[in-house]
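Enquirer: The file below is run33.csv, CSV, C-alpha atoms and all ligand atoms:
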chain,number,residue,atom,x,y,z
A,27,MET,CA,-59.2,75.7,-8.6
A,28,SER,CA,-59.8,79.2,-10.0
A,29,ASN,CA,-60.8,81.9,-7.5
A,30,PRO,CA,-64.2,83.4,-8.5
A,31,SER,CA,-63.2,86.8,-7.1
A,32,LEU,CA,-60.4,86.9,-9.8
A,33,GLU,CA,-62.9,86.6,-12.7
A,34,PRO,CA,-62.3,89.4,-15.1
A,35,GLU,CA,-65.8,90.9,-14.8
A,36,ILE,CA,-65.6,90.9,-11.0
A,37,LEU,CA,-62.2,92.5,-11.0
A,38,ILE,CA,-63.4,95.2,-13.3
A,39,SER,CA,-66.4,95.9,-11.2
A,40,ARG,CA,-64.3,96.1,-8.0
A,41,LEU,CA,-61.3,97.9,-9.3
A,42,SER,CA,-62.5,100.2,-12.1
A,43,HIS,CA,-64.5,103.4,-11.8
A,44,ARG,CA,-65.4,106.5,-13.8
A,45,PRO,CA,-64.0,109.5,-12.1
A,46,ARG,CA,-66.5,112.3,-12.4
A,47,HIS,CA,-63.9,115.1,-11.9
A,48,LEU,CA,-62.1,113.9,-15.0
A,49,LEU,CA,-65.1,113.3,-17.2
A,50,ARG,CA,-66.5,116.7,-16.3
A,51,ALA,CA,-63.3,118.4,-17.2
A,52,MET,CA,-64.2,118.1,-20.9
A,53,ILE,CA,-67.2,118.7,-23.1
A,54,THR,CA,-70.2,117.0,-21.7
A,55,ILE,CA,-73.4,116.6,-23.6
A,56,THR,CA,-76.1,115.9,-21.1
A,57,SER,CA,-79.0,115.1,-23.4
A,58,PRO,CA,-77.9,112.8,-26.2
A,59,PRO,CA,-80.1,112.9,-29.3
A,60,GLN,CA,-82.8,110.3,-29.6
A,61,SER,CA,-82.4,109.7,-33.3
A,62,PRO,CA,-79.9,110.3,-36.1
A,63,ASP,CA,-81.9,113.3,-37.3
A,64,SER,CA,-81.4,115.2,-34.1
A,65,THR,CA,-77.7,114.7,-33.9
A,66,LEU,CA,-77.2,117.4,-36.4
A,67,ALA,CA,-77.0,121.0,-35.3
A,68,ASP,CA,-77.6,122.6,-38.7
A,69,ARG,CA,-80.1,120.7,-40.7
A,70,VAL,CA,-81.3,121.7,-44.1
A,71,TRP,CA,-84.4,119.8,-45.3
A,72,THR,CA,-84.9,119.5,-49.0
A,73,ASN,CA,-88.0,118.3,-50.8
A,74,ARG,CA,-87.9,114.6,-51.2
A,75,VAL,CA,-87.8,113.3,-54.7
A,76,SER,CA,-88.3,109.7,-55.7
A,77,SER,CA,-84.9,109.0,-57.2
A,78,LEU,CA,-81.3,110.0,-57.1
A,79,THR,CA,-81.3,110.2,-60.9
A,80,SER,CA,-77.7,109.7,-62.2
A,81,LEU,CA,-76.5,108.5,-58.8
A,82,ASP,CA,-78.9,105.6,-59.1
A,83,ARG,CA,-76.7,104.1,-61.7
A,84,LEU,CA,-73.6,104.0,-59.5
A,85,PRO,CA,-72.4,100.6,-58.2
A,86,PRO,CA,-73.0,100.3,-54.4
A,87,GLU,CA,-69.3,100.3,-53.6
A,88,ILE,CA,-68.8,103.6,-55.4
A,89,MET,CA,-71.8,105.0,-53.6
A,90,SER,CA,-70.3,103.8,-50.3
A,91,THR,CA,-67.0,105.5,-51.1
A,92,LEU,CA,-68.7,108.7,-51.9
A,93,LEU,CA,-70.7,108.6,-48.7
A,94,ASP,CA,-67.4,108.0,-46.8
A,95,MET,CA,-66.1,111.3,-48.2
A,96,LEU,CA,-69.0,113.4,-47.0
A,97,ASP,CA,-69.1,115.0,-43.6
A,98,ILE,CA,-71.9,114.2,-41.2
A,99,GLN,CA,-74.0,117.3,-42.1
A,100,SER,CA,-73.7,116.5,-45.9
A,101,ILE,CA,-74.6,112.9,-45.5
A,102,SER,CA,-77.7,113.8,-43.5
A,103,ARG,CA,-78.7,116.2,-46.2
A,104,PHE,CA,-78.1,113.6,-48.8
A,105,ALA,CA,-80.4,111.2,-47.0
A,106,ARG,CA,-83.2,113.8,-47.4
A,107,VAL,CA,-82.9,114.0,-51.1
A,108,SER,CA,-84.9,110.9,-51.7
A,109,PHE,CA,-86.1,107.7,-50.2
A,110,ARG,CA,-83.4,105.9,-52.1
A,111,GLY,CA,-80.7,108.3,-50.7
A,112,ASP,CA,-82.1,107.7,-47.3
A,113,THR,CA,-81.8,103.9,-47.8
A,114,PHE,CA,-78.2,104.2,-48.9
A,115,VAL,CA,-77.3,106.3,-45.9
A,116,GLN,CA,-79.1,104.2,-43.3
A,117,SER,CA,-77.3,101.1,-44.6
A,118,HIS,CA,-73.9,102.8,-44.6
A,119,ARG,CA,-71.9,101.1,-41.9
A,120,ALA,CA,-69.8,104.1,-40.9
A,121,TYR,CA,-72.7,106.4,-40.6
A,122,ARG,CA,-74.7,103.9,-38.6
A,123,ASP,CA,-71.8,103.2,-36.2
A,124,LEU,CA,-71.3,106.9,-35.6
A,125,VAL,CA,-74.9,107.6,-34.9
A,126,ALA,CA,-75.2,104.5,-32.6
A,127,PHE,CA,-71.9,104.9,-30.6
A,128,ALA,CA,-70.9,108.5,-30.8
A,129,PRO,CA,-74.1,110.7,-30.9
A,130,GLN,CA,-72.7,113.1,-28.3
A,131,VAL,CA,-69.6,113.6,-30.5
A,132,LEU,CA,-71.7,114.5,-33.5
A,133,LEU,CA,-73.8,116.9,-31.5
A,134,ALA,CA,-70.7,118.5,-30.0
A,135,LEU,CA,-69.1,118.9,-33.5
A,136,GLY,CA,-72.3,120.8,-34.5
A,137,ARG,CA,-72.2,123.0,-31.4
A,138,VAL,CA,-68.5,124.0,-31.7
A,139,GLY,CA,-69.0,124.8,-35.4
A,140,LEU,CA,-67.0,122.0,-36.9
A,141,ILE,CA,-69.7,119.6,-38.1
A,142,ASP,CA,-68.5,119.9,-41.7
A,143,LEU,CA,-64.7,119.6,-40.9
A,144,HIS,CA,-64.2,115.8,-40.8
A,145,SER,CA,-65.5,113.2,-43.2
A,146,VAL,CA,-67.6,110.3,-42.1
A,147,ALA,CA,-64.6,108.0,-42.9
A,148,GLU,CA,-62.2,110.0,-40.7
A,149,LEU,CA,-64.6,109.9,-37.8
A,150,HIS,CA,-65.3,106.3,-38.3
A,151,THR,CA,-61.6,105.4,-38.4
A,152,ALA,CA,-61.1,107.3,-35.1
A,153,LEU,CA,-64.1,105.4,-33.6
A,154,ARG,CA,-62.6,102.1,-34.7
A,155,THR,CA,-59.2,102.9,-33.1
A,156,GLU,CA,-58.4,102.3,-29.5
A,157,ARG,CA,-55.0,103.8,-29.3
A,158,CYS,CA,-54.2,107.4,-28.6
A,159,ALA,CA,-53.0,109.1,-31.9
A,160,THR,CA,-49.7,110.3,-30.3
A,161,CYS,CA,-48.7,107.6,-27.8
A,162,ILE,CA,-49.1,103.9,-27.1
A,163,GLU,CA,-51.8,104.2,-24.5
A,164,TYR,CA,-55.6,103.8,-24.8
A,165,GLY,CA,-57.2,107.0,-25.9
A,166,ALA,CA,-60.5,107.7,-24.2
A,167,PHE,CA,-61.1,111.0,-25.8
A,168,LEU,CA,-61.5,112.7,-29.2
A,169,PHE,CA,-59.9,116.0,-29.9
A,170,LEU,CA,-62.6,117.6,-32.1
A,171,PRO,CA,-60.5,120.1,-34.2
A,172,THR,CA,-58.1,117.4,-35.5
A,173,CYS,CA,-60.4,114.3,-35.2
A,174,GLU,CA,-57.6,112.5,-33.2
A,175,ARG,CA,-58.2,110.0,-30.5
A,176,CYS,CA,-56.2,110.9,-27.5
A,177,CYS,CA,-55.4,110.2,-23.9
A,178,TRP,CA,-55.4,112.5,-20.9
A,179,GLU,CA,-51.6,112.7,-20.7
A,180,CYS,CA,-51.3,113.8,-24.4
A,181,LEU,CA,-54.0,116.3,-24.0
A,182,ARG,CA,-52.1,117.7,-21.1
A,183,TYR,CA,-48.6,117.7,-22.6
A,184,ASN,CA,-48.9,117.7,-26.4
A,185,PRO,CA,-49.0,121.2,-27.8
A,186,SER,CA,-50.8,120.1,-31.0
A,187,LEU,CA,-53.8,119.1,-28.8
A,188,ARG,CA,-54.2,122.7,-27.5
A,189,MET,CA,-56.5,125.6,-28.4
A,190,LEU,CA,-55.6,129.3,-28.5
A,191,LEU,CA,-57.3,132.7,-28.7
A,192,PRO,CA,-56.9,134.1,-32.3
A,193,LYS,CA,-54.7,137.0,-30.9
A,194,GLU,CA,-52.4,134.3,-29.4
A,195,ALA,CA,-52.2,132.4,-32.7
A,196,LYS,CA,-51.1,135.7,-34.3
A,197,ARG,CA,-48.4,136.2,-31.7
A,198,TYR,CA,-47.0,132.7,-31.5
A,199,PHE,CA,-47.3,131.7,-35.2
A,200,GLY,CA,-46.4,135.0,-37.0
A,201,LEU,CA,-49.9,135.4,-38.4
A,202,SER,CA,-51.9,138.5,-39.5
A,203,GLU,CA,-55.6,139.3,-39.1
A,204,ARG,CA,-56.0,138.3,-42.7
A,205,HIS,CA,-54.3,134.9,-42.2
A,206,LEU,CA,-56.6,134.2,-39.3
A,207,GLN,CA,-59.5,134.1,-41.6
A,208,ARG,CA,-58.0,131.0,-43.1
A,209,LEU,CA,-58.3,129.1,-39.8
A,210,ARG,CA,-61.4,127.4,-38.7
A,211,THR,CA,-63.2,129.1,-35.8
A,212,PHE,CA,-64.0,126.9,-32.8
A,213,TYR,CA,-66.9,128.1,-30.7
A,214,VAL,CA,-66.5,127.1,-27.1
A,215,ILE,CA,-69.7,125.5,-25.6
A,216,PRO,CA,-70.6,127.4,-22.5
A,217,GLY,CA,-69.7,125.4,-19.4
A,218,LYS,CA,-66.9,124.5,-16.9
A,219,TYR,CA,-63.7,122.9,-18.0
A,220,GLY,CA,-60.6,121.4,-16.6
A,221,ILE,CA,-59.9,119.8,-13.2
A,222,SER,CA,-60.7,123.0,-11.4
A,223,ALA,CA,-63.9,123.4,-13.3
A,224,ASN,CA,-63.2,126.9,-14.5
A,225,PRO,CA,-66.1,128.5,-16.4
A,226,ALA,CA,-65.2,129.2,-20.1
A,227,PRO,CA,-65.3,132.9,-21.0
A,228,GLU,CA,-68.6,133.9,-22.7
A,229,HIS,CA,-68.7,133.9,-26.5
A,230,CYS,CA,-65.2,132.4,-26.6
A,231,ARG,CA,-63.8,131.6,-30.0
A,232,LEU,CA,-60.6,129.7,-30.5
A,233,VAL,CA,-58.3,128.2,-33.1
A,234,SER,CA,-56.3,125.0,-32.9
A,235,VAL,CA,-52.6,125.1,-32.3
A,236,LYS,CA,-52.0,122.4,-34.9
A,237,ALA,CA,-53.8,124.4,-37.7
A,238,ALA,CA,-52.2,127.7,-36.6
A,239,ARG,CA,-48.7,126.1,-36.6
A,240,ALA,CA,-49.3,124.6,-40.1
A,241,LEU,CA,-50.4,127.9,-41.5
A,242,GLY,CA,-47.6,129.8,-39.8
A,243,LEU,CA,-45.1,127.5,-41.5
A,244,VAL,CA,-46.6,128.2,-44.9
A,245,VAL,CA,-46.8,131.9,-44.3
A,246,GLN,CA,-43.2,132.2,-42.8
A,247,GLY,CA,-41.6,129.7,-45.1
A,248,SER,CA,-39.6,127.6,-42.6
A,249,ALA,CA,-39.5,126.5,-38.9
A,250,GLU,CA,-36.6,128.8,-38.4
A,251,LYS,CA,-38.3,131.9,-39.8
A,252,LEU,CA,-41.4,130.9,-37.8
A,253,ALA,CA,-39.3,130.9,-34.6
A,254,HIS,CA,-37.9,134.4,-35.5
A,255,ALA,CA,-41.4,135.8,-36.2
A,256,MET,CA,-42.6,134.5,-32.8
A,257,ALA,CA,-39.5,135.8,-31.0
A,258,ARG,CA,-40.1,139.3,-32.5
A,259,ARG,CA,-43.6,139.3,-31.1
A,260,CYS,CA,-42.9,137.8,-27.6
A,261,LYS,CA,-41.4,140.5,-25.5
A,262,SER,CA,-41.3,138.7,-22.2
A,263,THR,CA,-39.6,135.5,-21.0
A,264,ARG,CA,-42.9,134.0,-20.1
A,265,LEU,CA,-44.3,134.6,-23.6
A,266,LEU,CA,-41.1,133.3,-25.3
A,267,VAL,CA,-41.2,130.1,-23.2
A,268,LYS,CA,-44.8,129.5,-24.2
A,269,GLY,CA,-44.1,130.3,-27.8
A,270,ARG,CA,-41.2,127.8,-27.9
A,271,TYR,CA,-43.4,125.1,-26.3
A,272,LEU,CA,-46.2,125.7,-28.8
A,273,GLN,CA,-43.9,125.6,-31.8
A,274,GLY,CA,-41.9,122.7,-30.5
A,275,GLU,CA,-42.3,119.2,-32.0
A,276,PRO,CA,-44.5,117.2,-29.7
A,277,ALA,CA,-42.8,114.2,-28.0
A,278,VAL,CA,-43.7,111.2,-30.0
A,279,SER,CA,-43.8,107.8,-28.3
A,280,GLN,CA,-41.3,105.3,-29.7
A,281,GLY,CA,-43.1,102.5,-28.1
A,282,GLN,CA,-42.5,103.7,-24.5
A,283,ASP,CA,-44.9,105.0,-22.0
A,284,LEU,CA,-44.5,108.8,-22.2
A,285,LEU,CA,-45.5,109.1,-18.5
A,286,LEU,CA,-42.5,107.1,-17.5
A,287,LEU,CA,-40.0,109.3,-19.4
A,288,PRO,CA,-38.1,112.0,-17.6
A,289,SER,CA,-40.1,115.2,-17.2
A,290,GLN,CA,-39.7,117.7,-20.0
A,291,GLY,CA,-39.5,120.8,-17.7
A,292,ASN,CA,-42.4,123.1,-16.9
A,293,ILE,CA,-45.3,122.9,-19.3
A,294,PRO,CA,-47.1,126.3,-19.8
A,295,THR,CA,-50.6,126.4,-18.4
A,296,ASP,CA,-53.4,125.5,-20.8
A,297,ASN,CA,-56.2,128.0,-20.2
A,298,PHE,CA,-58.5,126.0,-22.5
A,299,PHE,CA,-57.9,122.4,-21.3
A,300,GLY,CA,-60.9,120.3,-22.0
A,301,VAL,CA,-62.9,122.7,-24.2
A,302,ALA,CA,-62.2,120.9,-27.4
A,303,SER,CA,-62.1,117.2,-26.2
A,304,ILE,CA,-64.9,114.8,-25.4
A,305,LEU,CA,-65.2,111.2,-24.1
A,306,PHE,CA,-65.3,108.9,-27.2
A,307,SER,CA,-66.2,105.3,-27.2
A,308,SER,CA,-64.1,102.8,-29.2
A,309,LEU,CA,-65.5,100.1,-31.4
A,310,SER,CA,-63.4,97.0,-32.0
A,311,LYS,CA,-63.5,95.0,-35.2
A,312,SER,CA,-65.6,92.3,-33.4
A,313,GLY,CA,-68.1,95.0,-32.5
A,314,ARG,CA,-67.1,95.4,-28.8
A,315,VAL,CA,-67.7,98.9,-27.5
A,316,GLU,CA,-65.3,100.3,-24.8
A,317,ASP,CA,-65.6,103.6,-22.9
A,318,GLY,CA,-62.3,103.4,-20.9
A,319,LEU,CA,-61.7,102.0,-17.4
A,320,TRP,CA,-60.0,104.0,-14.7
A,321,CYS,CA,-58.1,102.2,-11.9
A,322,ARG,CA,-59.2,102.6,-8.3
A,323,GLY,CA,-55.8,101.0,-7.3
A,324,CYS,CA,-53.9,103.9,-8.8
A,325,GLU,CA,-56.1,106.3,-6.9
A,326,VAL,CA,-55.2,104.5,-3.7
A,327,THR,CA,-51.5,104.6,-4.6
A,328,LEU,CA,-51.7,108.4,-5.2
A,329,ARG,CA,-53.6,109.0,-2.0
A,330,GLN,CA,-51.0,107.1,0.0
A,331,TYR,CA,-48.2,109.1,-1.6
A,332,ASP,CA,-50.0,112.4,-0.9
A,333,SER,CA,-50.3,111.4,2.8
A,334,LEU,CA,-46.7,110.2,3.0
A,335,ARG,CA,-47.9,106.6,3.6
A,336,LEU,CA,-46.5,105.0,0.4
A,337,PRO,CA,-43.5,102.8,1.3
A,338,ARG,CA,-40.3,103.9,-0.4
A,339,ASP,CA,-39.6,100.6,-2.0
A,340,VAL,CA,-43.0,100.7,-3.6
A,341,LEU,CA,-42.5,104.2,-4.9
A,342,ALA,CA,-39.2,103.1,-6.4
A,343,THR,CA,-40.9,100.3,-8.4
A,344,VAL,CA,-43.7,102.6,-9.7
A,345,VAL,CA,-41.7,105.7,-10.5
A,346,PRO,CA,-38.5,105.5,-12.6
A,347,PRO,CA,-35.5,107.5,-11.6
A,348,ASN,CA,-35.4,111.1,-13.0
A,349,CYS,CA,-39.2,111.2,-13.0
A,350,GLU,CA,-41.3,113.4,-10.7
A,351,PRO,CA,-43.4,111.0,-8.5
A,352,GLN,CA,-46.4,113.3,-8.3
A,353,ARG,CA,-46.6,113.7,-12.1
A,354,VAL,CA,-46.3,109.9,-12.7
A,355,LEU,CA,-48.8,108.9,-9.9
A,356,LEU,CA,-51.3,111.6,-11.0
A,357,GLY,CA,-50.9,110.5,-14.6
A,358,LEU,CA,-51.6,106.9,-13.7
A,359,GLU,CA,-54.7,107.9,-11.6
A,360,ARG,CA,-56.0,109.8,-14.6
A,361,ARG,CA,-55.2,107.2,-17.2
A,362,ALA,CA,-58.0,105.2,-18.9
A,363,TRP,CA,-57.4,101.6,-19.9
A,364,SER,CA,-59.1,99.3,-22.4
A,365,LYS,CA,-60.5,96.2,-20.8
A,366,GLU,CA,-57.6,94.1,-21.9
A,367,SER,CA,-54.9,96.5,-20.8
A,368,PHE,CA,-56.7,97.1,-17.5
A,369,LEU,CA,-56.7,93.4,-16.6
A,370,ASP,CA,-53.0,93.3,-17.4
A,371,HIS,CA,-52.3,96.5,-15.4
A,372,ILE,CA,-54.0,95.5,-12.2
A,373,LYS,CA,-51.7,92.4,-12.0
A,374,HIS,CA,-48.9,94.8,-11.3
A,375,CYS,CA,-50.7,97.8,-9.7
A,376,TYR,CA,-49.7,98.2,-6.0
A,377,GLY,CA,-53.0,100.0,-5.1
A,378,ALA,CA,-55.1,97.3,-6.8
A,379,ARG,CA,-53.4,94.6,-4.7
A,380,GLN,CA,-54.2,96.6,-1.6
A,381,LEU,CA,-57.9,96.6,-2.6
A,382,VAL,CA,-58.0,93.0,-3.8
A,383,PRO,CA,-55.3,91.1,-1.8
A,384,GLU,CA,-56.2,87.9,-3.7
A,385,LEU,CA,-54.6,89.5,-6.8
A,386,ALA,CA,-51.1,89.1,-5.2
A,387,THR,CA,-51.6,85.4,-4.5
A,388,GLY,CA,-53.4,84.8,-7.7
A,389,ASN,CA,-50.5,86.1,-9.8
A,390,ASP,CA,-47.5,84.9,-7.8
B,401,ZN,ZN,-51.5,109.6,-25.5
B,402,ZN,ZN,-53.7,100.9,-11.1
Written as structure tokens, that's how I'd like the structure from this file.
Ligand SMILES: [Zn+2]
Ligand SMILES: [Zn+2]
Expert:
Amino acid sequence: MSNPSLEPEILISRLSHRPRHLLRAMITITSPPQSPDSTLADRVWTNRVSSLTSLDRLPPEIMSTLLDMLDIQSISRFARVSFRGDTFVQSHRAYRDLVAFAPQVLLALGRVGLIDLHSVAELHTALRTERCATCIEYGAFLFLPTCERCCWECLRYNPSLRMLLPKEAKRYFGLSERHLQRLRTFYVIPGKYGISANPAPEHCRLVSVKAARALGLVVQGSAEKLAHAMARRCKSTRLLVKGRYLQGEPAVSQGQDLLLLPSQGNIPTDNFFGVASILFSSLSKSGRVEDGLWCRGCEVTLRQYDSLRLPRDVLATVVPPNCEPQRVLLGLERRAWSKESFLDHIKHCYGARQLVPELATGND
């Protein structure tokens, strides 16, 4: 007979949580907009006219493709051109989904100055994806400058998911003041970011590493010349190490869990962790919305390790050889899971079995 305490919903309510210290480490929009109209930071209202004239004659599928190519600001402007335009937009699936399931993201894009950077289709594709863009895990966040879904671990270790001051971009990617004008400016929303909740500097403007690196490659002509340009500008070992890290190819998962691979050495501090990322729901094909589940069991395991109470044999089963236990256990504590992957994870999670002993008997 099945044990009611092992029902998926009961296990999820007992073993998952939403750690505030992690969620507050990123952009938080405390007052989500009430309607699609208010999601847009920079609205331009035009006089309504009764028809879209030549656009009226386009087949609906062509119209839908055109709307996909617009950014969120433009699609909203388009809706204001006429009642017919408004009808097209309101019935556009991607736009409707984004307004319904990611209003904070749209508002955040407006506030950081990137509302016109990504098309409706790009944002919708990211919304409909569960996986982190650079590893095999569930991605609970969106990195706004690149429109990539990402996990905590990749935000922490992948240089392409970092932001820099413009003067740093010049130093590390061989750029001049004139080159910088070709990069999009990211306006940091005032607030506290990162695990230690550091306040962001006032009026802080940043550029993305990914964009600066791509521009540096064009300007310098090759990865080798880019490396030389950086080395000429970095006069200390500390700057050189950071430059090499930022120019390095990010680790790409070949189907393995990046957290369980041997440590890649010291990762330079990210002074702007969290300023460009935000919690991002995922929407499955069947219409199921997920916001990520964090494991209480992994929190228990980490706490036991920190207080020297984690049995050695347990540690050996959780942390592979050549991996630093603190990094792995912290990474697991900070990892978000989809519902399906969470239910699978807790079957093997030592801490989860401590909290719900029936799990051990239920799975043996
Ligand atoms: Zn990842
Ligand atoms: Zn766990």
Enquirer: Using all atoms listed in the file, which protein or nucleic acid residues come within 9 Å of A:Lys268? Drop anything in the same chain fewer than 6 positions from it, and give the result as a list of chain:residue names.
Expert: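 My reading of the contact set: A:Tyr198, A:Ile293, A:Pro294, A:Thr295.
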Enquirer: Rank nothing, just name the residue among A:Val326, A:Leu385, A:Met95, A:Ala342 nearest to ligand ZN 402 (chain B), using only C-alpha atoms and all ligand atoms.
Expert: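 Closest candidate: A:Val326.
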Enquirer: At a cut-off of 12 Å from (-60.3, 136.0, -37.4) in the coordinates of the file, what residues are picked up using all atoms listed in the file, written as a list in words?
Expert: Leu191, Pro192, Lys193, Glu194, Ala195, Lys196, Leu201, Ser202, Glu203, Arg204, His205, Leu206, Gln207, Arg208, Leu209, Arg210, Thr211, Phe212, Arg231, Leu232, Val233 and Ala238 of chain A
Enquirer: Could you give me, as a PyMOL selection string, every polymer residue with an atom at most 6 Å away from an atom of ligand ZN 401 (chain B), counting all atoms listed in the file?
Expert: chain A and resi 158+160-161+163+176-177+179-180
Enquirer: With only C-alpha atoms as the basis for distance, which of A:Leu93, A:Ala134, A:Arg50, A:Gln273 is at the shortest distance from A:Asn224?
Expert: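 Selected residue with least distance to A:Asn224: A:Arg50.
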Enquirer: Atom CA of A:Val146 to atom CA of A:Ser364: how many Å, to one decimal?
Expert: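 If I compute the distance from atom CA of A:Val146 to atom CA of A:Ser364, I get 24.1 Å.
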Enquirer: Using Å and a single decimal, report how far atom CA of A:Gly139 sits from atom CA of A:Thr91.
Expert: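 About the pair atom CA of A:Thr91 and atom CA of A:Gly139: they are 25.0 Å apart.
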Enquirer: Could you tell me how far atom CA of A:Val107 lies from atom CA of A:Met89, in Å and to one decimal?
Expert: 14.5 Å
Enquirer: Any chance you could tabulate, as JSON lines, the residues of chain A at most 6 Å from ligand ZN 402 (chain B) with each one's nearest atom pair and distance in Å to one decimal, using only C-alpha atoms and all ligand atoms, in chain and rising number order?
Expert:
{"residue": "A:Cys321", "atom": "CA", "partner": "B:ZN402", "partner_atom": "ZN", "distance": 4.7}
{"residue": "A:Gly323", "atom": "CA", "partner": "B:ZN402", "partner_atom": "ZN", "distance": 4.3}
{"residue": "A:Cys324", "atom": "CA", "partner": "B:ZN402", "partner_atom": "ZN", "distance": 3.8}
{"residue": "A:Ile372", "atom": "CA", "partner": "B:ZN402", "partner_atom": "ZN", "distance": 5.5}
{"residue": "A:Cys375", "atom": "CA", "partner": "B:ZN402", "partner_atom": "ZN", "distance": 4.5}
{"residue": "A:Ala378", "atom": "CA", "partner": "B:ZN402", "partner_atom": "ZN", "distance": 5.8}
Enquirer: Env of A:Ala253: 12 Å cut, atoms = only C-alpha atoms, seq-sep filter 6 positions within chain, self excluded. Answer as an MDAnalysis selection string.
Expert: chainID A and resid 197:200 239 242:243 246:247 259:260 266:274
Enquirer: Would you mind exporting the chosen residues as a PDB file, in the coordinates of the input, restricted to C-alpha atoms?
Expert:
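For reference, again-v9.pdb as written:
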ATOM      1  CA  ARG A 197     -48.400 136.200 -31.700  1.00  0.00           C
ATOM      2  CA  TYR A 198     -47.000 132.700 -31.500  1.00  0.00           C
ATOM      3  CA  PHE A 199     -47.300 131.700 -35.200  1.00  0.00           C
ATOM      4  CA  GLY A 200     -46.400 135.000 -37.000  1.00  0.00           C
ATOM      5  CA  ARG A 239     -48.700 126.100 -36.600  1.00  0.00           C
ATOM      6  CA  GLY A 242     -47.600 129.800 -39.800  1.00  0.00           C
ATOM      7  CA  LEU A 243     -45.100 127.500 -41.500  1.00  0.00           C
ATOM      8  CA  GLN A 246     -43.200 132.200 -42.800  1.00  0.00           C
ATOM      9  CA  GLY A 247     -41.600 129.700 -45.100  1.00  0.00           C
ATOM     10  CA  ARG A 259     -43.600 139.300 -31.100  1.00  0.00           C
ATOM     11  CA  CYS A 260     -42.900 137.800 -27.600  1.00  0.00           C
ATOM     12  CA  LEU A 266     -41.100 133.300 -25.300  1.00  0.00           C
ATOM     13  CA  VAL A 267     -41.200 130.100 -23.200  1.00  0.00           C
ATOM     14  CA  LYS A 268     -44.800 129.500 -24.200  1.00  0.00           C
ATOM     15  CA  GLY A 269     -44.100 130.300 -27.800  1.00  0.00           C
ATOM     16  CA  ARG A 270     -41.200 127.800 -27.900  1.00  0.00           C
ATOM     17  CA  TYR A 271     -43.400 125.100 -26.300  1.00  0.00           C
ATOM     18  CA  LEU A 272     -46.200 125.700 -28.800  1.00  0.00           C
ATOM     19  CA  GLN A 273     -43.900 125.600 -31.800  1.00  0.00           C
ATOM     20  CA  GLY A 274     -41.900 122.700 -30.500  1.00  0.00           C
TER      21      GLY A 274
END
Enquirer: Which residue, A:Leu369, A:Leu96, A:Leu336, A:Leu286, has the smallest gap to A:Val354 when you use all atoms listed in the file?
Expert: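 For A:Val354, the nearest of the candidates is A:Leu286.
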Enquirer: Determine, counting only C-alpha atoms, which protein, DNA and RNA residues have an atom within 8 Å of an atom of A:Arg175; residues of the same chain fewer than 4 positions away are not included. Present the result as a list in words.
Expert: Ala152, Thr155, Glu156, Arg157, Cys158, Ala159, Gly165, Ala166, Phe167, Leu168, Phe169 and Phe306 of chain A
Enquirer: Write out as a ChimeraX atom specification the residues lying within 12 Å of A:Phe368, counting only C-alpha atoms and excluding same-chain residues fewer than 4 positions away.
Expert: /A:34-35,37-39,41-43,163-164,316,318-324,358,361-364,372-375,378
Enquirer: Taking all atoms listed in the file into account, name the residue in A:Leu284, A:Leu341, A:Ile88, A:Leu48 that is nearest to A:Lys218.
Expert: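 Looking only at the distances to A:Lys218, the closest residue turns out to be A:Leu48.
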Enquirer: Select, from A:His144, A:Arg83, A:Arg137, A:Arg379, the residue with the minimum atom-to-atom distance to A:Asp97, counting all atoms listed in the file.
Expert: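 Of all the options, A:His144 lies closest to A:Asp97.
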Enquirer: Could you check the closest approach to A:Glu275 for each of A:Pro347, A:Pro337, A:Pro45, A:Pro185 and tell me which residue wins, using all atoms listed in the file?
Expert: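 That would be A:Pro185, the residue with the smallest distance to A:Glu275.
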